[in-house]
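Colleague: Enclosed is the structure file run.cif (mmCIF, C-alpha atoms).
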```cif
data_structure
#
loop_
_atom_site.group_PDB
_atom_site.id
_atom_site.type_symbol
_atom_site.label_atom_id
_atom_site.label_comp_id
_atom_site.auth_asym_id
_atom_site.auth_seq_id
_atom_site.Cartn_x
_atom_site.Cartn_y
_atom_site.Cartn_z
ATOM 1 C CA ILE S 1 -7.001 -3.692 -2.624
ATOM 2 C CA HIS S 2 -10.228 -1.771 -2.948
ATOM 3 C CA ILE S 3 -8.923 -0.275 -6.217
ATOM 4 C CA LEU S 4 -7.989 -3.732 -7.543
ATOM 5 C CA LEU S 5 -11.446 -5.091 -6.705
ATOM 6 C CA GLU S 6 -13.058 -2.102 -8.421
ATOM 7 C CA THR S 7 -10.755 -2.513 -11.431
ATOM 8 C CA LEU S 8 -11.904 -6.129 -11.774
ATOM 9 C CA GLU S 9 -15.541 -5.052 -11.272
ATOM 10 C CA LEU S 10 -15.981 -7.661 -8.556
ATOM 11 C CA PRO S 11 -18.802 -7.393 -6.045
ATOM 12 C CA PHE S 12 -17.496 -6.992 -2.511
ATOM 13 C CA GLU S 13 -18.492 -5.708 0.891
ATOM 14 C CA VAL S 14 -16.221 -3.308 2.754
ATOM 15 C CA TRP S 15 -15.631 -3.545 6.477
ATOM 16 C CA VAL S 16 -13.966 -0.311 7.560
ATOM 17 C CA VAL S 17 -11.509 -0.941 10.390
ATOM 18 C CA ASN S 18 -10.621 2.002 12.619
ATOM 19 C CA LEU S 19 -6.935 1.451 13.410
ATOM 20 C CA PRO S 20 -6.539 4.285 15.948
ATOM 21 C CA ALA S 21 -9.499 2.850 17.876
ATOM 22 C CA GLY S 22 -7.850 -0.585 17.843
ATOM 23 C CA GLU S 23 -10.616 -2.307 15.886
ATOM 24 C CA HIS S 24 -8.011 -4.480 14.169
ATOM 25 C CA LEU S 25 -7.322 -6.055 17.583
ATOM 26 C CA ARG S 26 -10.937 -6.853 18.444
ATOM 27 C CA PRO S 27 -11.975 -10.530 18.568
ATOM 28 C CA GLU S 28 -14.299 -10.303 15.555
ATOM 29 C CA TYR S 29 -11.463 -9.006 13.356
ATOM 30 C CA LEU S 30 -8.829 -11.331 14.832
ATOM 31 C CA LYS S 31 -11.131 -14.215 13.911
ATOM 32 C CA ILE S 32 -10.678 -13.184 10.270
ATOM 33 C CA ASN S 33 -7.045 -12.134 10.549
ATOM 34 C CA PRO S 34 -5.222 -13.441 13.639
ATOM 35 C CA ARG S 35 -2.302 -11.102 12.878
ATOM 36 C CA GLY S 36 -4.574 -8.064 13.187
ATOM 37 C CA THR S 37 -3.158 -6.521 10.024
ATOM 38 C CA ILE S 38 -4.803 -4.602 7.217
ATOM 39 C CA PRO S 39 -5.969 -5.494 4.578
ATOM 40 C CA SER S 40 -7.850 -8.773 4.702
ATOM 41 C CA LEU S 41 -9.978 -10.364 2.007
ATOM 42 C CA VAL S 42 -12.460 -13.076 2.904
ATOM 43 C CA LEU S 43 -13.016 -15.351 -0.077
ATOM 44 C CA ASP S 44 -16.383 -16.852 -1.012
ATOM 45 C CA ASP S 45 -15.415 -20.154 0.636
ATOM 46 C CA GLY S 46 -14.655 -18.394 3.956
ATOM 47 C CA ARG S 47 -10.848 -18.507 3.742
ATOM 48 C CA ALA S 48 -9.100 -15.207 4.384
ATOM 49 C CA LEU S 49 -6.055 -13.671 2.732
ATOM 50 C CA THR S 50 -4.378 -11.297 5.155
ATOM 51 C CA ASP S 51 -1.849 -9.069 3.435
ATOM 52 C CA PHE S 52 -1.713 -6.788 0.412
ATOM 53 C CA LYS S 53 0.727 -8.912 -1.596
ATOM 54 C CA SER S 54 -1.138 -12.208 -1.244
ATOM 55 C CA ILE S 55 -4.467 -10.542 -2.029
ATOM 56 C CA ALA S 56 -3.063 -8.672 -5.041
ATOM 57 C CA LEU S 57 -1.403 -11.786 -6.460
ATOM 58 C CA TYR S 58 -4.539 -13.845 -5.815
ATOM 59 C CA LEU S 59 -6.682 -11.323 -7.686
ATOM 60 C CA ALA S 60 -4.209 -11.024 -10.571
ATOM 61 C CA GLU S 61 -3.956 -14.790 -11.015
ATOM 62 C CA THR S 62 -7.620 -15.609 -10.380
ATOM 63 C CA TYR S 63 -8.920 -12.929 -12.747
ATOM 64 C CA PRO S 64 -6.394 -12.776 -15.618
ATOM 65 C CA ARG S 65 -8.880 -10.861 -17.793
ATOM 66 C CA GLY S 66 -8.109 -7.836 -15.603
ATOM 67 C CA ARG S 67 -4.475 -7.905 -16.741
ATOM 68 C CA LEU S 68 -3.232 -6.834 -13.295
ATOM 69 C CA LEU S 69 0.073 -8.529 -14.096
ATOM 70 C CA PRO S 70 1.752 -8.159 -17.491
ATOM 71 C CA ALA S 71 1.840 -11.260 -19.708
ATOM 72 C CA ASP S 72 5.594 -10.796 -20.193
ATOM 73 C CA PRO S 73 7.292 -12.727 -17.344
ATOM 74 C CA ALA S 74 10.058 -10.121 -16.944
ATOM 75 C CA LEU S 75 7.526 -7.285 -16.647
ATOM 76 C CA ALA S 76 5.392 -9.355 -14.263
ATOM 77 C CA ALA S 77 8.477 -9.922 -12.102
ATOM 78 C CA ARG S 78 9.194 -6.182 -12.219
ATOM 79 C CA ALA S 79 5.622 -5.475 -11.084
ATOM 80 C CA VAL S 80 6.108 -7.817 -8.112
ATOM 81 C CA GLU S 81 9.468 -6.166 -7.373
ATOM 82 C CA LEU S 82 7.816 -2.720 -7.283
ATOM 83 C CA LEU S 83 4.973 -4.136 -5.183
ATOM 84 C CA ASP S 84 7.534 -5.413 -2.667
ATOM 85 C CA PHE S 85 9.305 -2.035 -2.714
ATOM 86 C CA ALA S 86 6.044 -0.193 -1.983
ATOM 87 C CA LEU S 87 5.030 -2.603 0.774
ATOM 88 C CA GLY S 88 8.452 -3.109 2.329
ATOM 89 C CA GLN S 89 10.443 0.088 2.056
ATOM 90 C CA LEU S 90 7.863 2.834 1.621
ATOM 91 C CA HIS S 91 5.133 1.406 3.861
ATOM 92 C CA GLY S 92 6.965 -1.057 6.096
ATOM 93 C CA GLU S 93 10.079 0.977 6.831
ATOM 94 C CA GLY S 94 8.989 4.562 6.204
ATOM 95 C CA PHE S 95 5.311 5.225 6.768
ATOM 96 C CA THR S 96 5.077 2.936 9.797
ATOM 97 C CA ARG S 97 7.633 5.170 11.524
ATOM 98 C CA ILE S 98 5.542 8.213 10.641
ATOM 99 C CA PHE S 99 2.077 6.855 11.489
ATOM 100 C CA THR S 100 2.875 4.374 14.268
ATOM 101 C CA THR S 101 5.942 5.953 15.827
ATOM 102 C CA GLU S 102 5.224 4.378 19.225
ATOM 103 C CA ARG S 103 6.008 0.923 17.810
ATOM 104 C CA TYR S 104 9.650 1.994 17.608
ATOM 105 C CA LEU S 105 9.878 3.387 21.140
ATOM 106 C CA ALA S 106 10.194 1.936 24.605
ATOM 107 C CA PRO S 107 7.081 2.553 26.762
ATOM 108 C CA GLY S 108 8.697 5.437 28.681
ATOM 109 C CA GLU S 109 9.619 7.215 25.428
ATOM 110 C CA ARG S 110 6.118 7.280 23.894
ATOM 111 C CA GLN S 111 4.838 10.573 25.294
ATOM 112 C CA PRO S 112 4.041 13.355 22.805
ATOM 113 C CA GLY S 113 6.885 15.788 22.324
ATOM 114 C CA SER S 114 9.561 13.202 23.060
ATOM 115 C CA ALA S 115 12.782 13.911 21.154
ATOM 116 C CA LEU S 116 13.099 10.212 20.324
ATOM 117 C CA ARG S 117 9.537 10.174 18.993
ATOM 118 C CA ASP S 118 10.362 13.094 16.711
ATOM 119 C CA ASP S 119 13.587 11.364 15.599
ATOM 120 C CA VAL S 120 11.735 8.176 14.663
ATOM 121 C CA ALA S 121 9.112 10.067 12.651
ATOM 122 C CA SER S 122 11.819 12.168 10.983
ATOM 123 C CA HIS S 123 13.732 9.014 10.083
ATOM 124 C CA GLY S 124 10.525 7.603 8.557
ATOM 125 C CA ARG S 125 10.128 10.721 6.420
ATOM 126 C CA GLU S 126 13.721 10.358 5.237
ATOM 127 C CA ILE S 127 13.183 6.694 4.317
ATOM 128 C CA VAL S 128 10.075 7.653 2.338
ATOM 129 C CA ARG S 129 11.839 10.576 0.640
ATOM 130 C CA GLN S 130 14.765 8.375 -0.397
ATOM 131 C CA GLY S 131 12.354 5.663 -1.525
ATOM 132 C CA PHE S 132 10.464 8.045 -3.774
ATOM 133 C CA GLU S 133 13.768 9.346 -5.173
ATOM 134 C CA ALA S 134 14.749 5.769 -6.054
ATOM 135 C CA LEU S 135 11.311 5.213 -7.585
ATOM 136 C CA GLU S 136 11.710 8.423 -9.606
ATOM 137 C CA ARG S 137 14.692 6.835 -11.395
ATOM 138 C CA ARG S 138 12.688 3.705 -12.216
ATOM 139 C CA LEU S 139 9.275 4.954 -13.288
ATOM 140 C CA PRO S 140 8.569 5.607 -16.959
ATOM 141 C CA ALA S 141 7.710 9.144 -18.014
ATOM 142 C CA ASP S 142 4.203 8.059 -18.998
ATOM 143 C CA GLY S 143 1.918 5.090 -18.582
ATOM 144 C CA PHE S 144 1.996 3.063 -15.412
ATOM 145 C CA ALA S 145 4.726 1.438 -13.328
ATOM 146 C CA VAL S 146 5.555 -1.362 -15.763
ATOM 147 C CA GLY S 147 4.004 -0.174 -19.001
ATOM 148 C CA PRO S 148 0.730 1.049 -20.468
ATOM 149 C CA GLN S 149 -1.477 -1.239 -18.334
ATOM 150 C CA PHE S 150 -2.403 -0.582 -14.681
ATOM 151 C CA SER S 151 -1.005 -3.355 -12.465
ATOM 152 C CA ILE S 152 -0.828 -4.533 -8.864
ATOM 153 C CA ALA S 153 2.362 -2.460 -8.537
ATOM 154 C CA ASP S 154 0.459 0.721 -9.356
ATOM 155 C CA ALA S 155 -2.111 0.031 -6.633
ATOM 156 C CA ALA S 156 0.608 -0.477 -4.029
ATOM 157 C CA LEU S 157 2.578 2.581 -5.124
ATOM 158 C CA PHE S 158 -0.596 4.674 -5.206
ATOM 159 C CA TYR S 159 -1.559 4.249 -1.579
ATOM 160 C CA ASN S 160 1.953 5.298 -0.552
ATOM 161 C CA GLU S 161 1.810 8.301 -2.874
ATOM 162 C CA PHE S 162 -1.615 9.137 -1.421
ATOM 163 C CA TRP S 163 -0.231 9.054 2.113
ATOM 164 C CA ALA S 164 2.675 11.302 1.079
ATOM 165 C CA ASP S 165 0.211 13.763 -0.426
ATOM 166 C CA LYS S 166 -1.930 13.730 2.729
ATOM 167 C CA ILE S 167 1.007 14.560 5.019
ATOM 168 C CA GLY S 168 2.520 17.150 2.687
ATOM 169 C CA LEU S 169 5.555 15.187 1.513
ATOM 170 C CA ALA S 170 6.560 16.423 -1.939
ATOM 171 C CA LEU S 171 6.750 13.749 -4.643
ATOM 172 C CA PRO S 172 9.419 13.855 -7.359
ATOM 173 C CA PRO S 173 8.033 14.762 -10.837
ATOM 174 C CA LYS S 174 7.587 11.265 -12.344
ATOM 175 C CA VAL S 175 6.218 9.907 -9.064
ATOM 176 C CA GLN S 176 3.790 12.850 -8.874
ATOM 177 C CA ALA S 177 2.743 12.229 -12.500
ATOM 178 C CA HIS S 178 2.193 8.525 -11.718
ATOM 179 C CA TYR S 179 0.100 9.464 -8.690
ATOM 180 C CA GLN S 180 -2.052 11.782 -10.813
ATOM 181 C CA ARG S 181 -2.500 9.162 -13.579
ATOM 182 C CA VAL S 182 -3.668 6.546 -11.097
ATOM 183 C CA ARG S 183 -5.840 9.044 -9.246
ATOM 184 C CA ALA S 184 -7.524 10.013 -12.540
ATOM 185 C CA ARG S 185 -8.736 6.440 -13.132
ATOM 186 C CA PRO S 186 -12.537 6.319 -12.619
ATOM 187 C CA VAL S 187 -12.339 3.374 -10.187
ATOM 188 C CA VAL S 188 -9.954 5.326 -7.970
#
```
Kindly present the structure from the file in structure tokens form.

Modeller:
Amino acid sequence: IHILLETLELPFEVWVVNLPAGEHLRPEYLKINPRGTIPSLVLDDGRALTDFKSIALYLAETYPRGRLLPADPALAARAVELLDFALGQLHGEGFTRIFTTERYLAPGERQPGSALRDDVASHGREIVRQGFEALERRLPADGFAVGPQFSIADAALFYNEFWADKIGLALPPKVQAHYQRVRARPVV
């Protein structure tokens, strides 16, 4: 979301939330986002949007000059499809198992070194690997996810690619090239 806000050159204030410290569960954050999820965007009128997809679509539709969604309805739908893929499969199914393994374990199975803990994290890595392989077949050889223009899909794919890079998960060639193209953008 930060990248989308920068792309649109919108003024905004960042509130860094330390997830491991549980800041997303503190009363001041829950007042903004009762679900305790990340990200949240508080609008000028005080309303809050509390997930990546709603924020990305809001920004794309509110600021059409930024061309965060293609004008072609089929390409716009494809961008939303890839956004859902990044949020649902890569992040929601894969990376959550890697980064928040304990959510998938019973309380007695949460200790470090637990075989089940390792299995859950390993399964998450496999979901991510398979997801990036599927993405490899769908991404163009150049440009961005749905054409020459950066879109909301690229922002969602990028943060997943970034996470893969940070934990040493190899990206297939076209996915790696996409990651590098997005990373090379000055706002990133």

Colleague: Exactly which residues make up the result of the PyMOL selection byres ((chain S and resi 133) around 12) on this file, given as a list in words?

Modeller: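 Given this file, the PyMOL selection byres ((chain S and resi 133) around 12) evaluates to Leu90, Glu126, Ile127, Val128, Arg129, Gln130, Gly131, Phe132, Ala134, Leu135, Glu136, Arg137, Arg138, Leu139, Ala170, Leu171, Pro172, Pro173, Lys174, Val175 and Gln176 of chain S.
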
Colleague: Have a look at atom CA of Gly36 of chain S and atom CA of Tyr179 of chain S and let me know their distance in Å, one decimal.

Modeller: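 Interatomic distance, atom CA of Gly36 of chain S to atom CA of Tyr179 of chain S: 28.4 Å.
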
Colleague: Find the spatial neighbours of Leu68 of chain S, counting all atoms listed in the file, within a cut-off of 6 Å - ignore same-chain residues fewer than 5 positions away - and output them as an NGL selection string.

Modeller: :S and (60 or 151-152)

Colleague: Tell me which residues the PyMOL selection byres ((chain S and resi 53) around 10) grabs here, as a PyMOL selection string.

Modeller: chain S and resi 1+39+49-52+54-59+80+83-84+87+152-153+156

Colleague: Using all atoms listed in the file, which of S:Phe150, S:Phe99, S:Phe85, S:Tyr29 sits nearest Ala48 of chain S?

Modeller: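 Answer, going by the shortest atom-to-atom distance: S:Tyr29.
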
Colleague: If I take atom CA of Val182 of chain S and atom CA of Phe158 of chain S, how far is one from the other in Å, to one decimal?

Modeller: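 According to the coordinates, atom CA of Val182 of chain S and atom CA of Phe158 of chain S are separated by 6.9 Å.
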
Colleague: If you apply the PyMOL selection byres ((chain S and resi 124) around 7) to this file, what residues do you get, as a PyMOL selection string?

Modeller: chain S and resi 93-95+97-98+120-123+125-128

Colleague: Mind listing whatever residues come within 6 Å of the point (0.9, 2.1, 2.7)? Use all atoms listed in the file, file coordinates, and give them as a PyMOL selection string.

Modeller: chain S and resi 91+159-160
